[in-house]
Number of protein chains: 2
Amino acid sequence: MSRVRVHNFSVSLDGYGTGEGQSLDTPFGHAGGRLTEWFFGTRTFRAMQGKDGGATGADDALAGTWGDGIGAEIMGRNKFGPQRGPWEDHEWTGWWGPNPPFHTPVFVLTHHPRPSVEMEGGTTFHFLDATPQEALRRAREAAGGLDVRIGGGPSTIRQFLAADLIDHLHLVIVPIVLGRGERLWDDGLEGLEDRFEVESVTTPSGVTHLTFTRP
Amino acid sequence: MSRVRVHNFSVSLDGYGTGEGQSLDTPFGHAGGRLTEWFFGTRTFRAMQGKDGGATGADDALAGTWGDGIGAEIMGRNKFGPQRGPWEDHEWTGWWGPNPPFHTPVFVLTHHPRPSVEMEGGTTFHFLDATPQEALRRAREAAGGLDVRIGGGPSTIRQFLAADLIDHLHLVIVPIVLGRGERLWDDGLEGLEDRFEVESVTTPSGVTHLTFTRP
């Protein structure tokens, strides 16, 4: 059975999955690189950038499961880019350069659809104005029996969690207080833990990995 | 130098230090015992209730440091009891029975002062309408050179943190989503980690202990 998974989703102690003030130079707003610092040094992250080397400890082991058996991703528009409202042009094709690390179809949720974009390496961006349920149906078709990853940002993950569409959630708590930005824990998630088996582990980098797995 | 310390302060993943709907039967509102379950089985908690036995693992080791070298506590009124507004009578003397586990002067912050209450075992409740700074000055006098503990609840701890009056914060993250109640992380704590050395450890009970220590 195809599962729906979230991986490597980092939040601050106060629950922000991204900071305030996203721009072209600051995909995470005022959070900068602080939410993902634990991830930058890992072999998994370096491989996503086409680089060799990197740490192979517990952070990497946990991060490295993000791609196994994934056939499609769904992401919110703000993960795709900093523009808001109608697309001014179709030049923007994401933060990831010509060969994005996804290598599968990627469905970008937006109220402003535009033509699909085929990138190098197997990533194709499709743009959908759809409910979580409808987007998931489309992504599952495209995934050919493999799992679907929900890639973020915070409000996209929250919507899929609130609709009880997530089977596996890997959350990383970073011990910083961001104070502002976009919160994962806004509404509709009370009692989330009742639907999952929950495991926690702190790694030497100081972050705590939580996995919520549907029994 | 006398330090100001917080111990065993539990919050949910979404940052609530207590649930909604506090009453005589539910000091933590709809959270019930879920925030403090990790603590109930420890030798430290049992000793606070005058009982023998209990677990002596990592949770207990961390919890057990709460009383060492403490000469006074400051708590918010809602930790003391469920009444709001002017005191209807002076019968209520806290949730802890005739011999509370503090065994020091305890300063209860309230806009409605009332006469001090001397309990068995060395605990005396004093009632203060004061700023955090003024309350701390009074508690330090009473502590005779020992440390002062800020006992909670969430808004009291938040106020003392925002005023940069805390030297040691022991926080326990419980992997549940409460959805409503009183949040520790409301406002004024952005960048808190810059003022402290921060350590995290997950214990077998599934909670994660964080210690923030002023260098």
# chains A, B, ... in the order shown; residues from 1 in each chain; ligands from 1
$ calpha_fit_and_write --fixed "chain A" --moving "chain B" --output "PDB file with C-alpha atoms, in the first residue's frame"
ATOM      1  CA  MET B   1       0.051  -0.033  -0.008  1.00  0.00           C
ATOM      2  CA  SER B   2       1.391   3.359  -1.013  1.00  0.00           C
ATOM      3  CA  ARG B   3       2.095   5.530   2.040  1.00  0.00           C
ATOM      4  CA  VAL B   4       2.184   9.289   2.481  1.00  0.00           C
ATOM      5  CA  ARG B   5       5.378  10.487   4.175  1.00  0.00           C
ATOM      6  CA  VAL B   6       6.986  13.622   5.533  1.00  0.00           C
ATOM      7  CA  HIS B   7      10.756  13.706   6.077  1.00  0.00           C
ATOM      8  CA  ASN B   8      13.325  16.039   7.591  1.00  0.00           C
ATOM      9  CA  PHE B   9      10.769  18.654   8.492  1.00  0.00           C
ATOM     10  CA  SER B  10      12.449  20.973  10.998  1.00  0.00           C
ATOM     11  CA  VAL B  11      10.629  23.172  13.485  1.00  0.00           C
ATOM     12  CA  SER B  12      11.846  25.515  16.190  1.00  0.00           C
ATOM     13  CA  LEU B  13      10.914  24.961  19.848  1.00  0.00           C
ATOM     14  CA  ASP B  14       8.072  27.392  19.342  1.00  0.00           C
ATOM     15  CA  GLY B  15       6.842  25.392  16.370  1.00  0.00           C
ATOM     16  CA  TYR B  16       7.870  27.520  13.399  1.00  0.00           C
ATOM     17  CA  GLY B  17       8.748  25.585  10.256  1.00  0.00           C
ATOM     18  CA  THR B  18       9.935  28.716   8.517  1.00  0.00           C
ATOM     19  CA  GLY B  19      10.716  32.275   9.571  1.00  0.00           C
ATOM     20  CA  GLU B  20       9.162  35.568   8.601  1.00  0.00           C
ATOM     21  CA  GLY B  21      10.072  37.461   5.431  1.00  0.00           C
ATOM     22  CA  GLN B  22      10.764  34.889   2.723  1.00  0.00           C
ATOM     23  CA  SER B  23      12.643  36.341  -0.250  1.00  0.00           C
ATOM     24  CA  LEU B  24      14.785  35.181  -3.148  1.00  0.00           C
ATOM     25  CA  ASP B  25      17.850  35.243  -0.890  1.00  0.00           C
ATOM     26  CA  THR B  26      16.148  33.902   2.224  1.00  0.00           C
ATOM     27  CA  PRO B  27      13.919  30.882   1.498  1.00  0.00           C
ATOM     28  CA  PHE B  28      13.405  30.450   5.273  1.00  0.00           C
ATOM     29  CA  GLY B  29      13.014  34.169   6.027  1.00  0.00           C
ATOM     30  CA  HIS B  30      14.697  35.436   9.186  1.00  0.00           C
ATOM     31  CA  ALA B  31      15.348  31.814  10.260  1.00  0.00           C
ATOM     32  CA  GLY B  32      18.175  31.735   7.716  1.00  0.00           C
ATOM     33  CA  GLY B  33      19.922  28.358   7.832  1.00  0.00           C
ATOM     34  CA  ARG B  34      19.238  27.732  11.508  1.00  0.00           C
ATOM     35  CA  LEU B  35      16.414  25.219  11.035  1.00  0.00           C
ATOM     36  CA  THR B  36      18.376  23.055   8.622  1.00  0.00           C
ATOM     37  CA  GLU B  37      21.923  23.407   9.944  1.00  0.00           C
ATOM     38  CA  TRP B  38      21.798  19.866  11.412  1.00  0.00           C
ATOM     39  CA  PHE B  39      21.176  18.637   7.844  1.00  0.00           C
ATOM     40  CA  PHE B  40      23.760  20.630   5.880  1.00  0.00           C
ATOM     41  CA  GLY B  41      26.744  18.558   6.959  1.00  0.00           C
ATOM     42  CA  THR B  42      25.198  15.169   6.199  1.00  0.00           C
ATOM     43  CA  ARG B  43      26.139  12.957   3.286  1.00  0.00           C
ATOM     44  CA  THR B  44      22.465  12.937   2.312  1.00  0.00           C
ATOM     45  CA  PHE B  45      22.336  16.703   1.871  1.00  0.00           C
ATOM     46  CA  ARG B  46      25.627  16.812  -0.009  1.00  0.00           C
ATOM     47  CA  ALA B  47      24.434  14.068  -2.339  1.00  0.00           C
ATOM     48  CA  MET B  48      21.287  16.118  -3.053  1.00  0.00           C
ATOM     49  CA  GLN B  49      23.633  18.843  -4.272  1.00  0.00           C
ATOM     50  CA  GLY B  50      25.703  16.424  -6.360  1.00  0.00           C
ATOM     51  CA  LYS B  51      28.611  16.526  -3.908  1.00  0.00           C
ATOM     52  CA  ASP B  52      30.647  13.746  -2.290  1.00  0.00           C
ATOM     53  CA  GLY B  53      31.448  13.303   1.383  1.00  0.00           C
ATOM     54  CA  GLY B  54      29.619  14.500   4.458  1.00  0.00           C
ATOM     55  CA  ALA B  55      28.817  13.090   7.890  1.00  0.00           C
ATOM     56  CA  THR B  56      27.348   9.604   8.171  1.00  0.00           C
ATOM     57  CA  GLY B  57      26.090   9.551  11.771  1.00  0.00           C
ATOM     58  CA  ALA B  58      22.587   9.375  13.183  1.00  0.00           C
ATOM     59  CA  ASP B  59      21.382  12.642  11.611  1.00  0.00           C
ATOM     60  CA  ASP B  60      22.414  11.324   8.202  1.00  0.00           C
ATOM     61  CA  ALA B  61      20.847   7.917   8.791  1.00  0.00           C
ATOM     62  CA  LEU B  62      17.532   9.553   9.657  1.00  0.00           C
ATOM     63  CA  ALA B  63      17.730  12.131   6.884  1.00  0.00           C
ATOM     64  CA  GLY B  64      18.723   9.536   4.308  1.00  0.00           C
ATOM     65  CA  THR B  65      15.412   7.718   4.367  1.00  0.00           C
ATOM     66  CA  TRP B  66      13.685  10.649   2.644  1.00  0.00           C
ATOM     67  CA  GLY B  67      13.961   9.288  -0.901  1.00  0.00           C
ATOM     68  CA  ASP B  68      13.507   5.521  -0.504  1.00  0.00           C
ATOM     69  CA  GLY B  69      10.457   4.307  -2.369  1.00  0.00           C
ATOM     70  CA  ILE B  70       9.127   7.778  -3.152  1.00  0.00           C
ATOM     71  CA  GLY B  71       7.323   8.138  -6.484  1.00  0.00           C
ATOM     72  CA  ALA B  72       6.030  11.727  -6.260  1.00  0.00           C
ATOM     73  CA  GLU B  73       6.136  14.820  -4.031  1.00  0.00           C
ATOM     74  CA  ILE B  74       3.496  17.383  -3.145  1.00  0.00           C
ATOM     75  CA  MET B  75       4.705  20.793  -1.974  1.00  0.00           C
ATOM     76  CA  GLY B  76       3.174  24.140  -1.159  1.00  0.00           C
ATOM     77  CA  ARG B  77       3.833  27.063  -3.420  1.00  0.00           C
ATOM     78  CA  ASN B  78       6.048  28.839  -0.875  1.00  0.00           C
ATOM     79  CA  LYS B  79       8.414  25.892  -0.832  1.00  0.00           C
ATOM     80  CA  PHE B  80       8.654  26.223  -4.610  1.00  0.00           C
ATOM     81  CA  GLY B  81       9.453  29.934  -4.608  1.00  0.00           C
ATOM     82  CA  PRO B  82       9.092  33.380  -3.053  1.00  0.00           C
ATOM     83  CA  GLN B  83       6.497  34.827  -5.487  1.00  0.00           C
ATOM     84  CA  ARG B  84       2.929  35.397  -4.310  1.00  0.00           C
ATOM     85  CA  GLY B  85      -0.274  35.901  -6.343  1.00  0.00           C
ATOM     86  CA  PRO B  86      -0.468  35.487 -10.133  1.00  0.00           C
ATOM     87  CA  TRP B  87       2.819  34.389 -11.754  1.00  0.00           C
ATOM     88  CA  GLU B  88       4.519  37.410 -13.282  1.00  0.00           C
ATOM     89  CA  ASP B  89       6.444  35.141 -15.618  1.00  0.00           C
ATOM     90  CA  HIS B  90       7.233  31.463 -15.925  1.00  0.00           C
ATOM     91  CA  GLU B  91      10.999  31.856 -15.615  1.00  0.00           C
ATOM     92  CA  TRP B  92      11.171  30.715 -12.001  1.00  0.00           C
ATOM     93  CA  THR B  93      11.631  26.945 -11.764  1.00  0.00           C
ATOM     94  CA  GLY B  94      12.400  26.544  -8.053  1.00  0.00           C
ATOM     95  CA  TRP B  95      15.394  27.044  -5.776  1.00  0.00           C
ATOM     96  CA  TRP B  96      17.185  23.896  -6.880  1.00  0.00           C
ATOM     97  CA  GLY B  97      18.846  24.697 -10.225  1.00  0.00           C
ATOM     98  CA  PRO B  98      18.415  22.757 -13.473  1.00  0.00           C
ATOM     99  CA  ASN B  99      18.603  19.296 -11.839  1.00  0.00           C
ATOM    100  CA  PRO B 100      16.440  19.338  -8.671  1.00  0.00           C
ATOM    101  CA  PRO B 101      16.987  16.583  -6.085  1.00  0.00           C
ATOM    102  CA  PHE B 102      13.474  15.120  -6.393  1.00  0.00           C
ATOM    103  CA  HIS B 103      13.813  13.044  -9.594  1.00  0.00           C
ATOM    104  CA  THR B 104      10.045  12.363  -9.603  1.00  0.00           C
ATOM    105  CA  PRO B 105       6.889  14.276 -10.513  1.00  0.00           C
ATOM    106  CA  VAL B 106       6.381  17.154  -8.042  1.00  0.00           C
ATOM    107  CA  PHE B 107       2.932  18.674  -7.551  1.00  0.00           C
ATOM    108  CA  VAL B 108       3.022  22.318  -6.466  1.00  0.00           C
ATOM    109  CA  LEU B 109      -0.184  23.494  -4.789  1.00  0.00           C
ATOM    110  CA  THR B 110      -1.149  26.956  -5.979  1.00  0.00           C
ATOM    111  CA  HIS B 111      -4.293  28.945  -6.733  1.00  0.00           C
ATOM    112  CA  HIS B 112      -2.547  30.074  -9.923  1.00  0.00           C
ATOM    113  CA  PRO B 113      -1.890  27.054 -12.156  1.00  0.00           C
ATOM    114  CA  ARG B 114       0.677  27.317 -14.959  1.00  0.00           C
ATOM    115  CA  PRO B 115       2.096  24.854 -17.504  1.00  0.00           C
ATOM    116  CA  SER B 116       4.152  21.922 -16.213  1.00  0.00           C
ATOM    117  CA  VAL B 117       7.938  22.260 -16.296  1.00  0.00           C
ATOM    118  CA  GLU B 118      10.173  19.335 -17.086  1.00  0.00           C
ATOM    119  CA  MET B 119      13.597  19.616 -15.463  1.00  0.00           C
ATOM    120  CA  GLU B 120      16.758  17.526 -15.812  1.00  0.00           C
ATOM    121  CA  GLY B 121      17.046  14.272 -13.883  1.00  0.00           C
ATOM    122  CA  GLY B 122      13.427  13.191 -13.875  1.00  0.00           C
ATOM    123  CA  THR B 123      11.832  16.041 -11.889  1.00  0.00           C
ATOM    124  CA  THR B 124       8.695  17.522 -13.487  1.00  0.00           C
ATOM    125  CA  PHE B 125       6.831  20.325 -11.702  1.00  0.00           C
ATOM    126  CA  HIS B 126       3.053  20.245 -12.084  1.00  0.00           C
ATOM    127  CA  PHE B 127       0.920  23.088 -10.736  1.00  0.00           C
ATOM    128  CA  LEU B 128      -2.389  22.230  -9.090  1.00  0.00           C
ATOM    129  CA  ASP B 129      -5.229  24.194  -7.534  1.00  0.00           C
ATOM    130  CA  ALA B 130      -6.658  21.308  -5.510  1.00  0.00           C
ATOM    131  CA  THR B 131      -7.696  20.061  -2.086  1.00  0.00           C
ATOM    132  CA  PRO B 132      -5.207  17.843  -0.226  1.00  0.00           C
ATOM    133  CA  GLN B 133      -7.350  14.798  -1.119  1.00  0.00           C
ATOM    134  CA  GLU B 134      -7.438  15.646  -4.829  1.00  0.00           C
ATOM    135  CA  ALA B 135      -3.743  16.500  -4.934  1.00  0.00           C
ATOM    136  CA  LEU B 136      -2.944  13.195  -3.270  1.00  0.00           C
ATOM    137  CA  ARG B 137      -5.069  11.299  -5.781  1.00  0.00           C
ATOM    138  CA  ARG B 138      -3.109  12.907  -8.629  1.00  0.00           C
ATOM    139  CA  ALA B 139       0.250  12.314  -6.949  1.00  0.00           C
ATOM    140  CA  ARG B 140      -0.597   8.660  -6.277  1.00  0.00           C
ATOM    141  CA  GLU B 141      -1.456   8.116  -9.930  1.00  0.00           C
ATOM    142  CA  ALA B 142       1.863   9.641 -10.921  1.00  0.00           C
ATOM    143  CA  ALA B 143       3.801   7.653  -8.285  1.00  0.00           C
ATOM    144  CA  GLY B 144       2.978   4.304  -9.884  1.00  0.00           C
ATOM    145  CA  GLY B 145       2.393   2.448  -6.614  1.00  0.00           C
ATOM    146  CA  LEU B 146       5.309   4.059  -4.777  1.00  0.00           C
ATOM    147  CA  ASP B 147       4.966   6.372  -1.754  1.00  0.00           C
ATOM    148  CA  VAL B 148       4.114  10.068  -1.899  1.00  0.00           C
ATOM    149  CA  ARG B 149       6.153  12.625   0.040  1.00  0.00           C
ATOM    150  CA  ILE B 150       4.589  15.809   1.404  1.00  0.00           C
ATOM    151  CA  GLY B 151       7.495  18.204   1.117  1.00  0.00           C
ATOM    152  CA  GLY B 152       6.297  21.228   3.118  1.00  0.00           C
ATOM    153  CA  GLY B 153       6.078  24.034   4.025  1.00  0.00           C
ATOM    154  CA  PRO B 154       4.356  24.173   7.397  1.00  0.00           C
ATOM    155  CA  SER B 155       0.854  24.989   6.242  1.00  0.00           C
ATOM    156  CA  THR B 156       0.879  22.253   3.609  1.00  0.00           C
ATOM    157  CA  ILE B 157       1.975  19.662   6.164  1.00  0.00           C
ATOM    158  CA  ARG B 158      -0.569  20.963   8.668  1.00  0.00           C
ATOM    159  CA  GLN B 159      -3.391  20.628   6.115  1.00  0.00           C
ATOM    160  CA  PHE B 160      -2.450  17.052   5.243  1.00  0.00           C
ATOM    161  CA  LEU B 161      -2.105  16.122   8.928  1.00  0.00           C
ATOM    162  CA  ALA B 162      -5.432  17.734   9.805  1.00  0.00           C
ATOM    163  CA  ALA B 163      -7.061  15.755   6.985  1.00  0.00           C
ATOM    164  CA  ASP B 164      -5.444  12.577   8.407  1.00  0.00           C
ATOM    165  CA  LEU B 165      -3.658  11.855   5.135  1.00  0.00           C
ATOM    166  CA  ILE B 166      -0.146  11.334   6.561  1.00  0.00           C
ATOM    167  CA  ASP B 167       1.149   7.847   7.421  1.00  0.00           C
ATOM    168  CA  HIS B 168       4.701   8.732   8.467  1.00  0.00           C
ATOM    169  CA  LEU B 169       5.925  12.048   9.849  1.00  0.00           C
ATOM    170  CA  HIS B 170       9.583  12.692  10.569  1.00  0.00           C
ATOM    171  CA  LEU B 171       9.878  15.913  12.528  1.00  0.00           C
ATOM    172  CA  VAL B 172      13.094  17.526  13.754  1.00  0.00           C
ATOM    173  CA  ILE B 173      12.971  19.853  16.739  1.00  0.00           C
ATOM    174  CA  VAL B 174      15.737  22.434  16.661  1.00  0.00           C
ATOM    175  CA  PRO B 175      16.404  24.057  20.061  1.00  0.00           C
ATOM    176  CA  ILE B 176      15.968  27.665  18.949  1.00  0.00           C
ATOM    177  CA  VAL B 177      13.111  30.104  19.484  1.00  0.00           C
ATOM    178  CA  LEU B 178      12.185  31.830  16.212  1.00  0.00           C
ATOM    179  CA  GLY B 179       9.368  33.967  17.597  1.00  0.00           C
ATOM    180  CA  ARG B 180       7.700  34.585  14.217  1.00  0.00           C
ATOM    181  CA  GLY B 181       7.088  32.929  10.887  1.00  0.00           C
ATOM    182  CA  GLU B 182       4.787  30.100   9.888  1.00  0.00           C
ATOM    183  CA  ARG B 183       3.776  27.652  12.604  1.00  0.00           C
ATOM    184  CA  LEU B 184       3.188  23.974  12.074  1.00  0.00           C
ATOM    185  CA  TRP B 185       1.016  23.725  15.213  1.00  0.00           C
ATOM    186  CA  ASP B 186      -1.634  26.246  14.493  1.00  0.00           C
ATOM    187  CA  ASP B 187      -4.992  24.526  14.578  1.00  0.00           C
ATOM    188  CA  GLY B 188      -6.639  21.216  14.024  1.00  0.00           C
ATOM    189  CA  LEU B 189      -3.863  18.946  15.278  1.00  0.00           C
ATOM    190  CA  GLU B 190      -4.986  18.340  18.873  1.00  0.00           C
ATOM    191  CA  GLY B 191      -4.464  14.709  19.884  1.00  0.00           C
ATOM    192  CA  LEU B 192      -2.330  13.978  16.795  1.00  0.00           C
ATOM    193  CA  GLU B 193      -0.281  11.478  18.822  1.00  0.00           C
ATOM    194  CA  ASP B 194      -3.316   9.176  19.243  1.00  0.00           C
ATOM    195  CA  ARG B 195      -3.160   8.225  15.569  1.00  0.00           C
ATOM    196  CA  PHE B 196       0.533   7.297  15.565  1.00  0.00           C
ATOM    197  CA  GLU B 197       3.301   5.411  17.262  1.00  0.00           C
ATOM    198  CA  VAL B 198       5.724   8.109  18.349  1.00  0.00           C
ATOM    199  CA  GLU B 199       9.477   7.787  18.877  1.00  0.00           C
ATOM    200  CA  SER B 200      11.978  10.470  19.894  1.00  0.00           C
ATOM    201  CA  VAL B 201      15.760  10.587  19.800  1.00  0.00           C
ATOM    202  CA  THR B 202      18.209  13.406  20.378  1.00  0.00           C
ATOM    203  CA  THR B 203      21.363  13.290  18.279  1.00  0.00           C
ATOM    204  CA  PRO B 204      24.777  14.826  19.071  1.00  0.00           C
ATOM    205  CA  SER B 205      23.965  17.852  16.900  1.00  0.00           C
ATOM    206  CA  GLY B 206      21.429  18.783  19.587  1.00  0.00           C
ATOM    207  CA  VAL B 207      18.275  18.320  17.525  1.00  0.00           C
ATOM    208  CA  THR B 208      15.573  15.824  18.440  1.00  0.00           C
ATOM    209  CA  HIS B 209      14.126  13.594  15.747  1.00  0.00           C
ATOM    210  CA  LEU B 210      10.522  12.490  16.225  1.00  0.00           C
ATOM    211  CA  THR B 211       8.910   9.858  14.059  1.00  0.00           C
ATOM    212  CA  PHE B 212       5.149   9.492  13.981  1.00  0.00           C
ATOM    213  CA  THR B 213       4.229   6.220  12.264  1.00  0.00           C
ATOM    214  CA  ARG B 214       0.709   5.029  11.664  1.00  0.00           C
ATOM    215  CA  PRO B 215       0.411   1.592  13.308  1.00  0.00           C
TER     216      PRO B 215
END
$ select_by_dssp --residues "range 49-80 of chain B" --states "strand (DSSP E or B)" --output "ChimeraX atom specification"
/B:55,70-76
$ write_last_selection --atoms "C-alpha atoms" --output "mmCIF file, in the first residue's frame"
data_model
loop_
_atom_site.group_PDB
_atom_site.id
_atom_site.type_symbol
_atom_site.label_atom_id
_atom_site.label_comp_id
_atom_site.auth_asym_id
_atom_site.auth_seq_id
_atom_site.Cartn_x
_atom_site.Cartn_y
_atom_site.Cartn_z
ATOM 1 C CA ALA B 55 12.119 4.767 39.306
ATOM 2 C CA ILE B 70 16.789 26.274 46.618
ATOM 3 C CA GLY B 71 15.882 28.840 49.279
ATOM 4 C CA ALA B 72 12.578 30.200 47.923
ATOM 5 C CA GLU B 73 10.060 29.700 45.103
ATOM 6 C CA ILE B 74 8.033 32.163 43.065
ATOM 7 C CA MET B 75 4.863 30.861 41.415
ATOM 8 C CA GLY B 76 1.948 32.300 39.506
#
$ select_by_dssp --residues "range 68-180 of chain B" --states "alpha helix (DSSP H)" --output "PyMOL selection string"
chain B and resi 77-80+132-143+154-162
$ write_last_selection --atoms "C-alpha atoms" --output "tab-separated table (two decimals), in the first residue's frame"
chain	number	residue	atom	x	y	z
B	77	ARG	CA	-1.45	32.33	41.09
B	78	ASN	CA	-2.83	29.66	38.76
B	79	LYS	CA	-0.20	27.22	39.95
B	80	PHE	CA	-1.38	27.91	43.49
B	132	PRO	CA	9.10	39.92	38.26
B	133	GLN	CA	12.07	42.08	39.35
B	134	GLU	CA	10.43	43.09	42.63
B	135	ALA	CA	9.21	39.57	43.35
B	136	LEU	CA	12.71	38.25	42.75
B	137	ARG	CA	14.20	40.83	45.10
B	138	ARG	CA	11.82	39.68	47.84
B	139	ALA	CA	12.43	36.00	47.15
B	140	ARG	CA	16.21	36.49	47.19
B	141	GLU	CA	16.01	38.18	50.58
B	142	ALA	CA	13.99	35.27	51.90
B	143	ALA	CA	16.30	32.67	50.31
B	154	PRO	CA	3.69	29.10	31.67
B	155	SER	CA	2.99	32.81	31.79
B	156	THR	CA	5.06	33.30	34.94
B	157	ILE	CA	8.03	31.50	33.38
B	158	ARG	CA	7.58	33.43	30.14
B	159	GLN	CA	7.62	36.76	32.00
B	160	PHE	CA	10.80	35.90	33.89
B	161	LEU	CA	12.48	34.64	30.71
B	162	ALA	CA	11.45	37.73	28.75
